[in-house]
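Colleague: Here you go, target39.cif (mmCIF, C-alpha atoms and all ligand atoms):
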data_data
loop_
_atom_site.label_atom_id
_atom_site.label_comp_id
_atom_site.auth_asym_id
_atom_site.auth_seq_id
_atom_site.Cartn_x
_atom_site.Cartn_y
_atom_site.Cartn_z
CA MET A 561 0.00 0.00 0.00
CA THR A 562 1.21 3.53 -0.80
CA THR A 563 1.47 5.59 2.35
CA THR A 564 2.19 9.08 1.06
CA TYR A 565 0.34 12.28 1.91
CA VAL A 566 -2.67 12.07 -0.44
CA PHE A 567 -2.38 15.65 -1.79
CA GLU A 568 1.40 15.79 -2.33
CA ASP A 569 1.32 15.53 -6.15
CA ALA A 570 -1.21 18.29 -6.79
CA GLU A 571 0.59 21.53 -6.12
CA THR A 572 -1.65 24.21 -7.66
CA GLU A 573 -5.04 23.09 -6.32
CA ALA A 574 -3.31 22.40 -2.97
CA ASP A 575 -2.93 26.17 -2.53
CA ALA A 576 -6.67 26.65 -2.93
CA MET A 577 -7.46 23.71 -0.62
CA LEU A 578 -5.35 25.16 2.18
CA ARG A 579 -6.96 28.59 1.78
CA HIS A 580 -10.49 27.18 1.86
CA LEU A 581 -9.71 24.94 4.83
CA ALA A 582 -8.54 28.01 6.70
CA GLY A 583 -11.66 29.94 5.67
CA MET A 584 -13.94 27.14 6.86
CA TYR A 585 -12.30 26.21 10.16
CA ASP A 586 -10.12 29.04 11.49
CA PRO A 587 -13.09 30.74 13.25
CA PHE A 588 -13.97 27.48 15.05
CA SER A 589 -10.35 26.77 16.03
CA THR A 590 -10.07 30.35 17.26
CA ARG A 591 -13.08 29.83 19.55
CA ARG A 592 -11.56 26.61 20.86
CA LEU A 593 -8.22 28.29 21.54
CA ALA A 594 -9.94 31.22 23.24
CA SER A 595 -11.64 28.74 25.60
CA ALA A 596 -8.39 26.96 26.46
CA GLY A 597 -7.19 29.48 29.07
CA ILE A 598 -3.83 30.20 27.43
CA ALA A 599 -1.41 32.26 29.54
CA ARG A 600 -0.11 35.57 28.12
CA ASP A 601 3.44 34.22 28.25
CA ALA A 602 2.67 30.76 26.82
CA ARG A 603 5.19 28.95 24.61
CA ALA A 604 3.21 27.52 21.68
CA LEU A 605 3.78 25.22 18.72
CA VAL A 606 1.56 24.91 15.64
CA ILE A 607 2.10 21.72 13.64
CA ALA A 608 1.20 21.64 9.90
CA VAL A 609 0.12 25.28 9.85
CA GLY A 610 -0.84 25.19 6.13
CA ALA A 611 -2.44 28.54 5.19
CA SER A 612 -4.24 28.91 8.52
CA SER A 613 -4.17 31.99 10.73
CA ILE A 614 -3.97 29.84 13.89
CA ALA A 615 -0.42 30.92 14.75
CA SER A 616 -1.44 34.60 14.67
CA THR A 617 -4.49 33.86 16.80
CA ILE A 618 -2.21 32.27 19.39
CA ALA A 619 0.15 35.26 19.21
CA ASP A 620 -2.89 37.47 20.02
CA LEU A 621 -3.73 35.28 23.03
CA ALA A 622 -0.13 35.05 24.26
CA PRO A 623 1.43 38.47 23.44
CA ASP A 624 4.29 37.93 25.92
CA GLY A 625 4.96 34.36 24.80
CA GLU A 626 6.57 32.59 21.85
CA VAL A 627 4.87 30.98 18.83
CA ILE A 628 6.60 28.53 16.49
CA ALA A 629 4.64 27.42 13.41
CA THR A 630 5.84 24.42 11.41
CA ASP A 631 4.94 22.56 8.24
CA ILE A 632 6.75 20.14 5.97
CA ASP A 633 6.08 22.78 3.26
CA PRO A 634 5.70 26.12 5.09
CA GLN A 635 5.35 28.37 1.99
CA HIS A 636 1.57 28.84 2.38
CA SER A 637 1.61 30.26 5.90
CA PRO A 638 0.61 33.92 6.25
CA ALA A 639 3.59 36.04 7.35
CA ASP A 640 3.47 37.37 10.92
CA PRO A 641 6.53 38.90 12.61
CA ARG A 642 5.34 37.47 15.95
CA VAL A 643 5.52 33.90 14.59
CA GLU A 644 8.69 31.90 13.91
CA LEU A 645 8.01 29.77 10.84
CA ARG A 646 10.02 26.56 10.44
CA GLN A 647 10.19 23.78 7.87
CA HIS A 648 9.67 20.64 9.93
CA ASP A 649 8.58 17.03 9.34
CA ILE A 650 6.57 15.94 12.36
CA VAL A 651 7.29 12.26 11.66
CA THR A 652 11.09 12.41 11.49
CA ASP A 653 12.23 15.68 13.11
CA PRO A 654 12.58 16.19 16.88
CA LEU A 655 10.29 18.75 18.53
CA PRO A 656 11.91 22.05 19.53
CA GLY A 657 11.45 21.67 23.32
CA THR A 658 8.34 21.61 25.50
CA PHE A 659 5.21 23.77 25.20
CA ASP A 660 2.21 25.21 27.04
CA LEU A 661 0.13 24.77 23.89
CA ILE A 662 0.41 22.54 20.82
CA HIS A 663 -2.13 22.74 17.98
CA VAL A 664 -2.47 20.26 15.11
CA ARG A 665 -5.38 20.28 12.65
CA LEU A 666 -6.16 17.89 9.79
CA LEU A 667 -2.81 16.17 9.58
CA LEU A 668 -2.58 13.10 11.83
CA GLY A 669 -5.34 11.15 10.02
CA HIS A 670 -3.13 11.23 6.91
CA LEU A 671 -0.08 9.81 8.66
CA PRO A 672 0.36 6.05 9.13
CA GLN A 673 2.56 6.97 12.17
CA ARG A 674 -0.30 8.98 13.76
CA LEU A 675 -0.22 7.26 17.17
CA THR A 676 3.54 7.60 17.54
CA VAL A 677 3.33 11.26 16.52
CA LEU A 678 0.45 11.88 18.95
CA GLY A 679 2.59 10.37 21.74
CA LYS A 680 5.51 12.59 20.76
CA LEU A 681 3.25 15.70 20.88
CA ALA A 682 1.70 14.68 24.22
CA GLU A 683 5.15 14.21 25.74
CA ALA A 684 6.09 17.76 24.74
CA VAL A 685 3.10 19.31 26.59
CA ARG A 686 4.08 20.86 29.93
CA PRO A 687 2.05 20.15 33.11
CA GLY A 688 -1.19 22.20 32.86
CA GLY A 689 -0.55 22.69 29.13
CA VAL A 690 -2.91 21.95 26.24
CA LEU A 691 -2.76 19.76 23.14
CA LEU A 692 -5.54 20.72 20.69
CA VAL A 693 -6.14 18.09 17.99
CA GLU A 694 -8.74 18.80 15.28
CA GLU A 695 -9.81 16.27 12.65
CA PHE A 696 -12.67 15.60 10.18
CA GLU A 697 -15.31 12.95 10.78
CA GLY A 698 -14.68 10.35 8.07
CA SER A 699 -18.17 10.37 6.51
CA TRP A 700 -19.90 13.32 4.82
CA SER A 701 -21.86 11.50 2.08
CA SER A 702 -25.26 13.11 2.73
CA SER A 703 -24.17 16.73 2.76
CA VAL A 704 -26.58 18.31 0.25
CA LEU A 705 -29.14 20.59 1.92
CA ALA A 706 -30.51 22.30 -1.20
CA ALA A 707 -29.78 22.08 -4.93
CA PRO A 708 -31.48 22.77 -8.28
CA ASP A 709 -31.82 18.96 -8.66
CA PRO A 710 -31.33 17.42 -5.18
CA ASP A 711 -31.36 13.78 -6.38
CA GLU A 712 -28.67 14.45 -8.97
CA ALA A 713 -26.67 16.45 -6.42
CA ASP A 714 -26.92 13.54 -3.96
CA ARG A 715 -25.72 11.16 -6.68
CA LEU A 716 -22.70 13.32 -7.53
CA PHE A 717 -21.79 13.88 -3.88
CA GLY A 718 -22.16 10.12 -3.23
CA ALA A 719 -19.88 9.26 -6.17
CA TYR A 720 -17.28 11.78 -4.99
CA HIS A 721 -17.52 10.64 -1.39
CA ASP A 722 -16.97 6.96 -2.27
CA ALA A 723 -14.04 7.66 -4.60
CA PHE A 724 -12.41 10.16 -2.23
CA GLN A 725 -12.66 7.74 0.68
CA ALA A 726 -11.06 5.01 -1.47
CA ALA A 727 -8.24 7.44 -2.44
CA LEU A 728 -7.69 8.37 1.21
CA ARG A 729 -7.59 4.74 2.32
CA GLY A 730 -5.19 3.95 -0.53
CA SER A 731 -2.83 6.62 0.85
CA GLY A 732 -2.83 5.12 4.35
CA ASN A 733 -5.47 7.44 5.85
CA ASP A 734 -7.46 6.13 8.84
CA LEU A 735 -11.08 7.27 8.36
CA THR A 736 -11.98 6.36 11.95
CA TRP A 737 -9.19 8.52 13.36
CA SER A 738 -11.24 11.62 14.31
CA ARG A 739 -13.22 9.44 16.74
CA ARG A 740 -10.11 7.65 18.03
CA VAL A 741 -8.26 10.84 19.02
CA HIS A 742 -10.14 11.34 22.28
CA GLY A 743 -9.46 7.83 23.59
CA ALA A 744 -5.85 7.91 22.41
CA LEU A 745 -5.28 11.13 24.40
CA LEU A 746 -6.87 9.61 27.51
CA ASP A 747 -4.57 6.59 27.08
CA LEU A 748 -1.62 9.01 27.06
CA GLY A 749 -2.66 10.29 30.50
CA LEU A 750 -4.23 13.59 29.40
CA GLU A 751 -7.70 14.94 30.31
CA ALA A 752 -9.81 15.45 27.17
CA GLU A 753 -13.04 17.05 25.94
CA THR A 754 -14.32 17.06 22.36
CA GLU A 755 -16.59 19.51 20.53
CA GLY A 756 -17.93 19.27 16.97
CA PHE A 757 -18.46 21.96 14.33
CA THR A 758 -20.15 22.12 10.96
CA SER A 759 -21.83 24.91 9.04
CA THR A 760 -23.87 25.66 5.90
CA TRP A 761 -22.10 26.71 2.71
CA ALA A 762 -23.49 28.05 -0.58
CA GLY A 763 -21.99 27.12 -3.97
CA GLY A 764 -18.90 29.26 -4.63
CA THR A 765 -18.01 29.75 -0.95
CA HIS A 766 -15.24 28.08 1.10
CA GLY A 767 -17.22 24.94 2.04
CA CYS A 768 -17.93 24.22 -1.64
CA LEU A 769 -14.64 25.48 -3.06
CA LEU A 770 -12.75 23.07 -0.77
CA PRO A 771 -14.21 19.87 -2.33
CA ARG A 772 -14.01 21.56 -5.77
CA ALA A 773 -10.26 22.16 -5.34
CA THR A 774 -9.79 18.70 -3.82
CA ALA A 775 -11.56 17.01 -6.74
CA GLY A 776 -9.26 18.93 -9.10
CA ALA A 777 -6.16 18.08 -7.07
CA ILE A 778 -6.77 14.34 -6.94
CA ARG A 779 -8.72 13.93 -10.20
CA GLU A 780 -6.63 10.95 -11.40
CA LYS A 781 -6.99 9.20 -8.03
CA LEU A 782 -10.78 9.70 -8.14
CA VAL A 783 -10.93 8.24 -11.66
CA ARG A 784 -8.81 5.25 -10.57
CA ALA A 785 -11.24 4.78 -7.65
CA GLY A 786 -14.18 4.57 -10.07
CA MET A 787 -15.60 8.12 -10.38
CA ALA A 788 -16.49 8.94 -14.01
CA PRO A 789 -14.59 11.97 -15.44
CA THR A 790 -17.93 13.47 -16.58
CA ASP A 791 -19.21 13.20 -12.97
CA ILE A 792 -16.06 14.93 -11.67
CA ASP A 793 -16.71 17.82 -14.09
CA ALA A 794 -20.42 18.00 -13.18
CA PHE A 795 -19.58 17.86 -9.45
CA ARG A 796 -17.04 20.69 -9.80
CA ASP A 797 -19.54 22.81 -11.80
CA LEU A 798 -22.30 22.21 -9.24
CA LEU A 799 -20.02 23.44 -6.44
CA LEU A 800 -19.99 26.87 -8.09
CA ASP A 801 -23.82 27.08 -8.34
CA PRO A 802 -25.08 29.68 -5.83
CA ARG A 803 -28.36 27.73 -5.47
CA LEU A 804 -26.42 24.82 -3.87
CA ARG A 805 -26.30 24.56 -0.07
CA VAL A 806 -24.18 21.92 1.68
CA LYS A 807 -23.10 21.18 5.20
CA GLY A 808 -19.35 21.11 5.66
CA ASN A 809 -17.38 18.17 7.02
CA LEU A 810 -17.96 17.74 10.73
CA ALA A 811 -14.77 18.79 12.51
CA LEU A 812 -14.07 17.18 15.89
CA SER A 813 -11.90 19.34 18.11
CA THR A 814 -10.34 17.56 21.07
CA LEU A 815 -8.81 19.72 23.76
CA ALA A 816 -6.50 17.67 25.96
CA ARG A 817 -4.71 18.95 29.05
CA ARG A 818 -1.76 17.44 30.92
CA PRO A 819 -2.65 17.30 34.62
CA VAL A 820 -0.49 19.52 36.84
C1 LIG B 901 -4.86 19.07 5.16
S1 LIG B 901 -3.58 20.26 5.37
C2 LIG B 901 -4.07 21.07 6.87
C3 LIG B 901 -3.44 22.42 7.01
C4 LIG B 901 -3.84 23.19 8.29
N1 LIG B 901 -3.48 22.44 9.49
C5 LIG B 901 -5.34 23.46 8.29
O1 LIG B 901 -6.09 22.75 8.97
O2 LIG B 901 -5.78 24.43 7.61
C6 LIG B 901 -2.22 19.24 5.93
C7 LIG B 901 -0.94 20.03 6.12
O3 LIG B 901 0.03 19.12 6.66
C8 LIG B 901 1.29 19.35 6.06
N2 LIG B 901 2.08 18.10 6.20
C9 LIG B 901 1.96 16.95 5.51
N3 LIG B 901 2.81 16.02 5.98
C10 LIG B 901 3.49 16.60 7.01
C11 LIG B 901 4.53 16.16 7.91
N4 LIG B 901 5.02 14.91 7.83
N5 LIG B 901 5.00 17.04 8.84
C12 LIG B 901 4.51 18.30 8.92
N6 LIG B 901 3.53 18.77 8.10
C13 LIG B 901 3.04 17.94 7.16
C14 LIG B 901 0.96 19.74 4.63
O4 LIG B 901 2.04 20.46 4.04
C15 LIG B 901 -0.30 20.61 4.86
O5 LIG B 901 0.03 21.96 5.08
#
Kindly transcribe the structure held in the file into structure tokens.

Modeller:
Amino acid sequence: MTTTYVFEDAETEADAMLRHLAGMYDPFSTRRLASAGIARDARALVIAVGASSIASTIADLAPDGEVIATDIDPQHSPADPRVELRQHDIVTDPLPGTFDLIHVRLLLGHLPQRLTVLGKLAEAVRPGGVLLVEEFEGSWSSSVLAAPDPDEADRLFGAYHDAFQAALRGSGNDLTWSRRVHGALLDLGLEAETEGFTSTWAGGTHGCLLPRATAGAIREKLVRAGMAPTDIDAFRDLLLDPRLRVKGNLALSTLARRPV
């Protein structure tokens, strides 16, 4: 089985995916971080920052602290003089010390080494510190809330969903992972609570442009998994239709704290 990051060979659409992910989920992650009780002088680490504004949000919450943001490919991260941006592979590189806060969103499910990496992150959390892990629920097949032709929209979303899940599995992704995070953190000796978030998106907005960009990025993988090229085109067109309304992927945000 291939176990490479599923989006690594689709550079141009990957830009758009990261931007739309940030547009969909940064407000929710910001609320979660605001509820975490982060000290003004906290030392924080953001893993796989992508194009998100999470590192800047943390710099707002901890103006007297230190924020390091990392990614294996850090070129998409917004520039912020308060944030130290580093190229870093979470699987193979050591962590730069211990932290009061570590945030990781939408990465671990892709990594076959997810449990080892989670253990490495948990170990780097100081007593009283927080590890915030945010992942997608694996299933989003019935996401159409309104469409010009709801049955056809359901069919296209179903075809995409099945082929995308097959592509993810083929790349070593664990589709049960979002629901395993909570228990895995308890097993590591942390206290944990989980909250979910989804929202409604019209065609042409972030929640529709994300699957549109994804379908473009992994088009060949979708075709190999059985989705007809004409359905991929129709699906991508539909996602621009302002009459479409979908619910976004359910994000599960698990806030874990190391006991003092
Ligand atoms: C699905 S994106 C999520 C980006 C961001 N966390 C968000 O939620 O908006 C996954 C990110 O993980 C990064 N990534 C992939 N493999 C990685 C690794 N081994 N170590 C660090 N980052 C990695 C990718 O470059 C990409 O930015």

Colleague: With distances taken over all atoms listed in the file, which residue among A:Ser703, A:Ser595, A:Thr754, A:Ser813 lies nearest ligand LIG 901 (chain B)?

Modeller: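 When distances to ligand LIG 901 (chain B) are compared using all atoms listed in the file, the smallest one comes from A:Ser813.
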
Colleague: Select from chain A every residue with an atom at most 8 Å from any atom of ligand LIG 901 (chain B), then for each give the shortest pair of atoms and their distance in Å to one decimal, using all atoms listed in the file, rows by chain and rising number, as a tab-separated table.

Modeller:
residue	atom	partner	partner_atom	distance
A:Tyr565	CA	B:LIG901	N3	6.1
A:Glu568	CA	B:LIG901	O4	7.9
A:Met577	CA	B:LIG901	C1	7.9
A:Leu578	CA	B:LIG901	O2	5.5
A:Arg579	CA	B:LIG901	O2	7.3
A:His580	CA	B:LIG901	O2	7.9
A:Leu581	CA	B:LIG901	O2	4.8
A:Ala582	CA	B:LIG901	O2	4.6
A:Tyr585	CA	B:LIG901	O1	7.2
A:Asp586	CA	B:LIG901	O2	7.4
A:Ile607	CA	B:LIG901	C12	6.3
A:Ala608	CA	B:LIG901	N6	4.1
A:Val609	CA	B:LIG901	N1	4.6
A:Gly610	CA	B:LIG901	O5	3.5
A:Ala611	CA	B:LIG901	O2	5.8
A:Ser612	CA	B:LIG901	O2	4.8
A:Thr630	CA	B:LIG901	C12	6.7
A:Asp631	CA	B:LIG901	N6	4.0
A:Ile632	CA	B:LIG901	N6	4.1
A:Asp633	CA	B:LIG901	O4	4.7
A:Pro634	CA	B:LIG901	O4	6.8
A:His636	CA	B:LIG901	O5	7.5
A:Gln647	CA	B:LIG901	C12	8.0
A:His648	CA	B:LIG901	C12	5.8
A:Asp649	CA	B:LIG901	N5	3.6
A:Ile650	CA	B:LIG901	N5	4.0
A:Val651	CA	B:LIG901	N4	5.2
A:Thr652	CA	B:LIG901	N4	7.5
A:Val664	CA	B:LIG901	N1	6.1
A:Arg665	CA	B:LIG901	N1	4.3
A:Leu666	CA	B:LIG901	C2	4.8
A:Leu667	CA	B:LIG901	C6	4.8
A:His670	CA	B:LIG901	N3	7.7
A:Leu671	CA	B:LIG901	N4	7.3
A:Glu694	CA	B:LIG901	O1	7.9

Colleague: How many Å separate atom CA of A:Arg686 from atom CA of A:Glu755?

Modeller: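 So the answer is 22.7 Å.
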
Colleague: Nearest residue to A:Val677 out of A:Leu645, A:Asp801, A:Ala811, A:Leu745, using only C-alpha atoms?

Modeller: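 Using only C-alpha atoms, A:Val677 sits closest to A:Leu745.
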
Colleague: Provide the atom CA of A:Trp761 to atom CA of A:Asp714 distance in Å, to one decimal place.

Modeller: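 Distance reported for this atom pair: 15.5 Å.
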
Colleague: What does the distance between atom CA of A:Thr572 and atom CA of A:Ser637 come to in Å, to one decimal place?

Modeller: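 Computing the Euclidean distance for atom CA of A:Thr572 and atom CA of A:Ser637 yields 15.2 Å.
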
Colleague: For A:Gly730, which residue among A:Leu782, A:Leu800, A:Leu661, A:Leu812 is the nearest when counting all atoms listed in the file?

Modeller: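 Looking only at the distances to A:Gly730, the closest residue turns out to be A:Leu782.
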
Colleague: Fewer than 5 positions away in the same chain doesn't count, so skip those; otherwise give me all residues within 9 Å of A:Arg784, counting all atoms listed in the file, as a count of residues only.

Modeller: 3
